[in-house]
Amino acid sequence: MTAEEAAGEAAAAPRTEAPSCPGKEREARAAVSGGAGYSRRRWALSTLLLMVAVPVIGVGVKYCQDTLVWMRHEAGLKTLGPEGLFLFSSLDVDHDLYLSPEEFKPIAEKLTGIAPPAEFEDEFLHDPNGETLTLHAKMEPLLLETMTKSKDGFLGVSHSSLSGLRSWKSPVVPSSTLSAAQFRVFLPPKEKGKVGDTWWIIPSELNIFTGYLPNNRYHPPTPRGKEVLIHNLLSMFHPRPFIKSRFAPQGVVACVRALNDFYYDIVFRIHAEFQLNEVPNFPFWFTPGQFAGHIILSRDASHVRDFHLYVPNDKSLNVDMEWLYGSSESSSMEVDIGYLPQMELRAAGPSTPSVIYDEQGNVIDSSVEGGEPIQFVFEEIHWSSEISREEAANRLEVTFYPFKKRPSAEQKQRGSWFTPSSSGVLWTTSPAEVRGGLSGRQSWKVRPFWPCSTRASSAAGL
């Protein structure tokens, strides 16, 4: 047999495989399983280290930031002194002890006398063909003799502290013309379109966690959204209105007083304040008890029939005033009250268009600047549903102060004069336990919601 034939027979012969070893298979599977387990343990360990490292890094970054701010504070105190650092901090909006160009802008405007056009974040789109509304501002200055400090001739009160108050004699903008469509901020939301409904136009941002806003400020923050119109209105009285007051109550609330198929009569209430002093004098806060008012406008806000905003003057005192004597939040602050005879905005008449078109789009009448206005005859409005202004004002009051909600007949019969509040206490609303104050800044006796013998009396404000 040749070598080639032997090789062919060997190739053709059936192959037999050696019997497999069960022990080796188990070892192989165990090895694979062990490798996967090691990978899982390594992944878990890496995740754990990452979870621990992130907070540690965060704490380290925070520590570095706090150290940097502290070093800047010490350097600023050494360079500027307490009073100078106080003025610097009043411009430092984000409290990083660094003035950005935006934060320095008020000083630049003061030094140069040139103020760039305001850049408000407004939701309103101007319609050049829309109607316009002219408002007139009237004001009588605060009667200094009504302040308690006047009884001793303002003894101990520096002249610089009251400089802003003494010089404020009249509105800074006696008359202004606005687009009627801007007043759409007073329209009720879709779910609040019935008579008696109330809603927040500018909600309060103060609560037990936020506390109050700082005192050492001179310039209000840039208004946004619905704040823009309120800011524009109050700026007719003084150039530095703060739409969000430092203390509660804060914000703007409205109520539907009357309606028909075409118009709303909206009653509103505003809590805001003014900063009267400028650098280098310390801040002086002027806080009216409230701004009340009403507006009659069409449902699409294209036409405003009437507008009135005012500080109520039916009380003997209607303004709260506070001014600082030092260069920090803990510095001495003087508090006083007084009487403001008049502060109001009134519409000169209903809003009107500047151009009238016929059905084909042709101009048939127009008013030129300085010329005679277009004459209109407006129909009398008849309301299909309404409540009294007093009732609407009460609903605004309850929205600001839920604890003032009137008790039901059943509660009166049981002798229960309490209503739950979100702060976990029950506020008594018995008239016998109320002591007078400004704009709801009244003294109320507070009883805890939970049964206990503790009883506290808190006098807030005046």
# chains A, B, ... in the order shown; residues from 1 in each chain; ligands from 1
call {"tool": "residues_around", "arguments": {"residues": "Gln275 in chain A", "least_positions_apart": "2", "cutoff": "7 Å", "atoms": "only C-alpha atoms", "output": "list in words"}}
result
Tyr218, Arg240, Pro241, Glu273, Asn277, Pro283, Phe284, Trp285 and Phe286 of chain A
call {"tool": "write_last_selection", "arguments": {"atoms": "all heavy atoms", "output": "PDB file, in the first residue's frame"}}
result
ATOM      1  N   TYR A 218     -31.714 100.507  46.255  1.00  0.00           N
ATOM      2  CA  TYR A 218     -32.122 101.808  45.728  1.00  0.00           C
ATOM      3  C   TYR A 218     -32.881 101.692  44.403  1.00  0.00           C
ATOM      4  O   TYR A 218     -33.722 102.528  44.110  1.00  0.00           O
ATOM      5  CB  TYR A 218     -30.892 102.704  45.500  1.00  0.00           C
ATOM      6  CG  TYR A 218     -30.189 103.121  46.758  1.00  0.00           C
ATOM      7  CD1 TYR A 218     -29.122 102.367  47.252  1.00  0.00           C
ATOM      8  CD2 TYR A 218     -30.577 104.260  47.458  1.00  0.00           C
ATOM      9  CE1 TYR A 218     -28.462 102.746  48.411  1.00  0.00           C
ATOM     10  CE2 TYR A 218     -29.922 104.650  48.613  1.00  0.00           C
ATOM     11  CZ  TYR A 218     -28.863 103.892  49.091  1.00  0.00           C
ATOM     12  OH  TYR A 218     -28.209 104.268  50.249  1.00  0.00           O
ATOM     13  N   ARG A 240     -38.879 105.303  40.985  1.00  0.00           N
ATOM     14  CA  ARG A 240     -38.362 104.055  41.561  1.00  0.00           C
ATOM     15  C   ARG A 240     -39.448 103.290  42.320  1.00  0.00           C
ATOM     16  O   ARG A 240     -39.387 103.156  43.552  1.00  0.00           O
ATOM     17  CB  ARG A 240     -37.162 104.341  42.477  1.00  0.00           C
ATOM     18  CG  ARG A 240     -35.924 104.818  41.733  1.00  0.00           C
ATOM     19  CD  ARG A 240     -34.723 104.980  42.653  1.00  0.00           C
ATOM     20  NE  ARG A 240     -34.956 105.987  43.683  1.00  0.00           N
ATOM     21  CZ  ARG A 240     -34.842 107.289  43.496  1.00  0.00           C
ATOM     22  NH1 ARG A 240     -34.528 107.765  42.304  1.00  0.00           N
ATOM     23  NH2 ARG A 240     -35.053 108.143  44.485  1.00  0.00           N
ATOM     24  N   PRO A 241     -40.436 102.762  41.598  1.00  0.00           N
ATOM     25  CA  PRO A 241     -41.420 101.897  42.275  1.00  0.00           C
ATOM     26  C   PRO A 241     -40.914 100.460  42.361  1.00  0.00           C
ATOM     27  O   PRO A 241     -40.274  99.951  41.438  1.00  0.00           O
ATOM     28  CB  PRO A 241     -42.640 101.988  41.346  1.00  0.00           C
ATOM     29  CG  PRO A 241     -42.049 102.178  39.986  1.00  0.00           C
ATOM     30  CD  PRO A 241     -40.775 102.982  40.192  1.00  0.00           C
ATOM     31  N   GLU A 273     -44.361  99.605  46.730  1.00  0.00           N
ATOM     32  CA  GLU A 273     -43.754 100.690  47.498  1.00  0.00           C
ATOM     33  C   GLU A 273     -42.740 101.441  46.655  1.00  0.00           C
ATOM     34  O   GLU A 273     -42.377 100.997  45.551  1.00  0.00           O
ATOM     35  CB  GLU A 273     -43.112 100.151  48.780  1.00  0.00           C
ATOM     36  CG  GLU A 273     -42.118  99.027  48.572  1.00  0.00           C
ATOM     37  CD  GLU A 273     -41.722  98.356  49.883  1.00  0.00           C
ATOM     38  OE1 GLU A 273     -42.043  98.883  50.960  1.00  0.00           O
ATOM     39  OE2 GLU A 273     -41.073  97.298  49.834  1.00  0.00           O
ATOM     40  N   ASN A 277     -35.016 107.746  48.432  1.00  0.00           N
ATOM     41  CA  ASN A 277     -33.661 108.294  48.545  1.00  0.00           C
ATOM     42  C   ASN A 277     -32.727 107.734  47.486  1.00  0.00           C
ATOM     43  O   ASN A 277     -32.963 106.666  46.923  1.00  0.00           O
ATOM     44  CB  ASN A 277     -33.073 108.018  49.930  1.00  0.00           C
ATOM     45  CG  ASN A 277     -33.545 109.030  50.955  1.00  0.00           C
ATOM     46  OD1 ASN A 277     -34.230 109.999  50.612  1.00  0.00           O
ATOM     47  ND2 ASN A 277     -33.190 108.828  52.210  1.00  0.00           N
ATOM     48  N   PRO A 283     -31.350 104.279  52.370  1.00  0.00           N
ATOM     49  CA  PRO A 283     -32.674 104.058  51.781  1.00  0.00           C
ATOM     50  C   PRO A 283     -33.821 104.568  52.656  1.00  0.00           C
ATOM     51  O   PRO A 283     -33.769 104.499  53.892  1.00  0.00           O
ATOM     52  CB  PRO A 283     -32.748 102.536  51.626  1.00  0.00           C
ATOM     53  CG  PRO A 283     -31.321 102.100  51.510  1.00  0.00           C
ATOM     54  CD  PRO A 283     -30.555 103.028  52.412  1.00  0.00           C
ATOM     55  N   PHE A 284     -34.863 105.085  51.988  1.00  0.00           N
ATOM     56  CA  PHE A 284     -36.095 105.530  52.633  1.00  0.00           C
ATOM     57  C   PHE A 284     -37.250 104.883  51.869  1.00  0.00           C
ATOM     58  O   PHE A 284     -37.472 105.156  50.693  1.00  0.00           O
ATOM     59  CB  PHE A 284     -36.212 107.054  52.575  1.00  0.00           C
ATOM     60  CG  PHE A 284     -37.409 107.612  53.308  1.00  0.00           C
ATOM     61  CD1 PHE A 284     -37.255 108.231  54.538  1.00  0.00           C
ATOM     62  CD2 PHE A 284     -38.690 107.533  52.766  1.00  0.00           C
ATOM     63  CE1 PHE A 284     -38.357 108.748  55.215  1.00  0.00           C
ATOM     64  CE2 PHE A 284     -39.791 108.032  53.436  1.00  0.00           C
ATOM     65  CZ  PHE A 284     -39.620 108.649  54.667  1.00  0.00           C
ATOM     66  N   TRP A 285     -37.991 104.018  52.562  1.00  0.00           N
ATOM     67  CA  TRP A 285     -39.083 103.274  51.939  1.00  0.00           C
ATOM     68  C   TRP A 285     -40.424 103.944  52.227  1.00  0.00           C
ATOM     69  O   TRP A 285     -40.751 104.234  53.375  1.00  0.00           O
ATOM     70  CB  TRP A 285     -39.096 101.829  52.427  1.00  0.00           C
ATOM     71  CG  TRP A 285     -37.897 101.054  52.002  1.00  0.00           C
ATOM     72  CD1 TRP A 285     -36.740 100.864  52.706  1.00  0.00           C
ATOM     73  CD2 TRP A 285     -37.720 100.387  50.756  1.00  0.00           C
ATOM     74  NE1 TRP A 285     -35.855 100.118  51.977  1.00  0.00           N
ATOM     75  CE2 TRP A 285     -36.425  99.807  50.769  1.00  0.00           C
ATOM     76  CE3 TRP A 285     -38.517 100.217  49.620  1.00  0.00           C
ATOM     77  CZ2 TRP A 285     -35.933  99.070  49.700  1.00  0.00           C
ATOM     78  CZ3 TRP A 285     -38.017  99.477  48.556  1.00  0.00           C
ATOM     79  CH2 TRP A 285     -36.752  98.916  48.606  1.00  0.00           C
ATOM     80  N   PHE A 286     -41.198 104.148  51.168  1.00  0.00           N
ATOM     81  CA  PHE A 286     -42.508 104.801  51.250  1.00  0.00           C
ATOM     82  C   PHE A 286     -43.547 103.788  50.773  1.00  0.00           C
ATOM     83  O   PHE A 286     -43.618 103.444  49.601  1.00  0.00           O
ATOM     84  CB  PHE A 286     -42.501 106.041  50.358  1.00  0.00           C
ATOM     85  CG  PHE A 286     -43.727 106.900  50.439  1.00  0.00           C
ATOM     86  CD1 PHE A 286     -43.771 107.979  51.318  1.00  0.00           C
ATOM     87  CD2 PHE A 286     -44.825 106.660  49.625  1.00  0.00           C
ATOM     88  CE1 PHE A 286     -44.906 108.801  51.379  1.00  0.00           C
ATOM     89  CE2 PHE A 286     -45.950 107.462  49.681  1.00  0.00           C
ATOM     90  CZ  PHE A 286     -45.991 108.539  50.559  1.00  0.00           C
TER      91      PHE A 286
END
call {"tool": "residues_around", "arguments": {"residues": "range 140-145 of chain A", "least_positions_apart": "2", "cutoff": "9 Å", "atoms": "only C-alpha atoms", "output": "list in words"}}
result
Lys138, Met147, Thr148, Lys149, Ser150, Lys151, Leu165, Arg166, Trp168, Lys169, Ser170, Pro171, Val319, Gly338, Tyr339, Leu340, Pro341, Gln342 and Met343 of chain A
call {"tool": "write_last_selection", "arguments": {"atoms": "N, CA and C atoms", "output": "short mmCIF file (atom, residue, chain, number, x, y, z; two decimals), in the first residue's frame"}}
result
data_model
loop_
_atom_site.label_atom_id
_atom_site.label_comp_id
_atom_site.auth_asym_id
_atom_site.auth_seq_id
_atom_site.Cartn_x
_atom_site.Cartn_y
_atom_site.Cartn_z
N LYS A 138 -52.30 112.67 39.50
CA LYS A 138 -52.45 113.75 40.46
C LYS A 138 -51.93 113.29 41.81
N MET A 147 -46.91 112.86 60.72
CA MET A 147 -45.93 111.88 61.18
C MET A 147 -45.71 112.03 62.68
N THR A 148 -45.55 110.91 63.36
CA THR A 148 -45.35 110.98 64.81
C THR A 148 -44.05 111.70 65.16
N LYS A 149 -43.03 111.61 64.28
CA LYS A 149 -41.76 112.29 64.54
C LYS A 149 -41.91 113.82 64.52
N SER A 150 -43.00 114.31 63.93
CA SER A 150 -43.17 115.76 63.86
C SER A 150 -43.54 116.37 65.20
N LYS A 151 -44.02 115.53 66.11
CA LYS A 151 -44.46 116.05 67.40
C LYS A 151 -43.30 116.64 68.22
N LEU A 165 -38.28 112.41 50.73
CA LEU A 165 -39.68 112.66 51.06
C LEU A 165 -40.02 114.14 50.92
N ARG A 166 -39.16 115.01 51.43
CA ARG A 166 -39.44 116.45 51.40
C ARG A 166 -39.46 116.98 49.96
N TRP A 168 -40.36 115.35 47.22
CA TRP A 168 -41.36 114.71 46.36
C TRP A 168 -42.69 115.44 46.51
N LYS A 169 -42.94 116.36 45.61
CA LYS A 169 -44.11 117.23 45.71
C LYS A 169 -45.19 116.93 44.69
N SER A 170 -44.83 116.29 43.56
CA SER A 170 -45.79 116.09 42.48
C SER A 170 -45.40 114.86 41.67
N PRO A 171 -46.30 114.37 40.81
CA PRO A 171 -45.97 113.21 39.97
C PRO A 171 -44.82 113.54 39.01
N VAL A 319 -50.06 105.70 55.04
CA VAL A 319 -48.73 105.43 54.50
C VAL A 319 -47.81 104.97 55.62
N GLY A 338 -47.97 108.21 58.30
CA GLY A 338 -48.42 109.54 57.93
C GLY A 338 -49.63 109.47 57.01
N TYR A 339 -50.07 110.66 56.60
CA TYR A 339 -51.28 110.76 55.78
C TYR A 339 -50.96 111.39 54.44
N LEU A 340 -51.35 110.69 53.36
CA LEU A 340 -51.18 111.16 51.99
C LEU A 340 -52.55 111.57 51.46
N PRO A 341 -52.80 112.87 51.23
CA PRO A 341 -54.14 113.30 50.82
C PRO A 341 -54.57 112.76 49.46
N GLN A 342 -53.64 112.69 48.50
CA GLN A 342 -54.04 112.27 47.16
C GLN A 342 -52.88 111.64 46.40
N MET A 343 -53.16 110.52 45.75
CA MET A 343 -52.26 109.90 44.78
C MET A 343 -53.14 109.05 43.88
#
call {"tool": "closest_residue", "arguments": {"among": "A:Ala258, A:Val69, A:Ala393, A:Leu229", "to": "Val195 in chain A", "atoms": "only C-alpha atoms"}}
result
A:Ala258
call {"tool": "closest_residue", "arguments": {"among": "A:Glu322, A:Pro214, A:Glu386, A:Ser175", "to": "Cys255 in chain A", "atoms": "only C-alpha atoms"}}
result
A:Glu386
call {"tool": "select_by_dssp", "arguments": {"residues": "range 180-221 of chain A", "states": "strand (DSSP E or B)", "output": "ChimeraX atom specification"}}
result
/A:198-202
call {"tool": "write_last_selection", "arguments": {"atoms": "N, CA and C atoms", "output": "PDB file, in the first residue's frame"}}
result
ATOM      1  N   THR A 198     -61.884  85.859  41.822  1.00  0.00           N
ATOM      2  CA  THR A 198     -60.643  86.600  42.069  1.00  0.00           C
ATOM      3  C   THR A 198     -59.456  85.789  41.568  1.00  0.00           C
ATOM      4  N   TRP A 199     -58.367  86.468  41.234  1.00  0.00           N
ATOM      5  CA  TRP A 199     -57.157  85.801  40.776  1.00  0.00           C
ATOM      6  C   TRP A 199     -55.966  86.719  41.002  1.00  0.00           C
ATOM      7  N   TRP A 200     -54.784  86.129  40.985  1.00  0.00           N
ATOM      8  CA  TRP A 200     -53.543  86.873  41.161  1.00  0.00           C
ATOM      9  C   TRP A 200     -53.023  87.321  39.798  1.00  0.00           C
ATOM     10  N   ILE A 201     -52.896  88.632  39.599  1.00  0.00           N
ATOM     11  CA  ILE A 201     -52.220  89.142  38.408  1.00  0.00           C
ATOM     12  C   ILE A 201     -50.713  89.027  38.595  1.00  0.00           C
ATOM     13  N   ILE A 202     -50.232  89.460  39.751  1.00  0.00           N
ATOM     14  CA  ILE A 202     -48.832  89.272  40.139  1.00  0.00           C
ATOM     15  C   ILE A 202     -48.851  88.555  41.486  1.00  0.00           C
TER      16      ILE A 202
END
call {"tool": "residues_around", "arguments": {"residues": "Pro350 in chain A", "least_positions_apart": "2", "cutoff": "6 Å", "atoms": "only C-alpha atoms", "output": "list in words"}}
result
Val304, Arg305 and Asp306 of chain A
call {"tool": "atom_distance", "arguments": {"atom1": "CA of Cys64 in chain A", "atom2": "CA of Thr47 in chain A"}}
result
25.7 Å
call {"tool": "residues_around", "arguments": {"residues": "Val253 in chain A", "least_positions_apart": "5", "cutoff": "12 Å", "atoms": "only C-alpha atoms", "output": "ChimeraX atom specification"}}
result
/A:185-188,197-204,230,266-271,290-294,392-401
call {"tool": "write_last_selection", "arguments": {"atoms": "C-alpha atoms", "output": "PDB file, in the first residue's frame"}}
result
ATOM      1  CA  VAL A 185     -53.079  92.058  31.902  1.00  0.00           C
ATOM      2  CA  PHE A 186     -56.283  92.845  33.813  1.00  0.00           C
ATOM      3  CA  LEU A 187     -58.355  90.319  31.847  1.00  0.00           C
ATOM      4  CA  PRO A 188     -59.359  87.284  33.905  1.00  0.00           C
ATOM      5  CA  ASP A 197     -64.050  85.434  40.838  1.00  0.00           C
ATOM      6  CA  THR A 198     -60.643  86.600  42.069  1.00  0.00           C
ATOM      7  CA  TRP A 199     -57.157  85.801  40.776  1.00  0.00           C
ATOM      8  CA  TRP A 200     -53.543  86.873  41.161  1.00  0.00           C
ATOM      9  CA  ILE A 201     -52.220  89.142  38.408  1.00  0.00           C
ATOM     10  CA  ILE A 202     -48.832  89.272  40.139  1.00  0.00           C
ATOM     11  CA  PRO A 203     -48.648  86.523  42.781  1.00  0.00           C
ATOM     12  CA  SER A 204     -46.937  87.022  46.102  1.00  0.00           C
ATOM     13  CA  ILE A 230     -47.939  98.030  36.767  1.00  0.00           C
ATOM     14  CA  ILE A 266     -62.468  94.592  37.015  1.00  0.00           C
ATOM     15  CA  VAL A 267     -61.652  95.783  40.535  1.00  0.00           C
ATOM     16  CA  PHE A 268     -58.026  95.384  41.608  1.00  0.00           C
ATOM     17  CA  ARG A 269     -55.696  95.941  44.539  1.00  0.00           C
ATOM     18  CA  ILE A 270     -51.932  96.496  44.414  1.00  0.00           C
ATOM     19  CA  HIS A 271     -49.344  96.305  47.198  1.00  0.00           C
ATOM     20  CA  GLN A 290     -52.646  99.896  49.222  1.00  0.00           C
ATOM     21  CA  PHE A 291     -53.356 100.988  45.655  1.00  0.00           C
ATOM     22  CA  ALA A 292     -56.996 100.364  44.796  1.00  0.00           C
ATOM     23  CA  GLY A 293     -58.707 100.794  41.458  1.00  0.00           C
ATOM     24  CA  HIS A 294     -60.945  99.524  38.704  1.00  0.00           C
ATOM     25  CA  ALA A 392     -65.604  93.001  45.313  1.00  0.00           C
ATOM     26  CA  ALA A 393     -63.201  94.813  47.668  1.00  0.00           C
ATOM     27  CA  ASN A 394     -64.009  92.309  50.407  1.00  0.00           C
ATOM     28  CA  ARG A 395     -63.185  89.436  48.075  1.00  0.00           C
ATOM     29  CA  LEU A 396     -59.844  91.033  47.269  1.00  0.00           C
ATOM     30  CA  GLU A 397     -59.199  91.371  51.001  1.00  0.00           C
ATOM     31  CA  VAL A 398     -59.925  87.700  51.607  1.00  0.00           C
ATOM     32  CA  THR A 399     -57.620  86.687  48.735  1.00  0.00           C
ATOM     33  CA  PHE A 400     -54.761  88.602  50.361  1.00  0.00           C
ATOM     34  CA  TYR A 401     -55.740  87.464  53.873  1.00  0.00           C
TER      35      TYR A 401
END
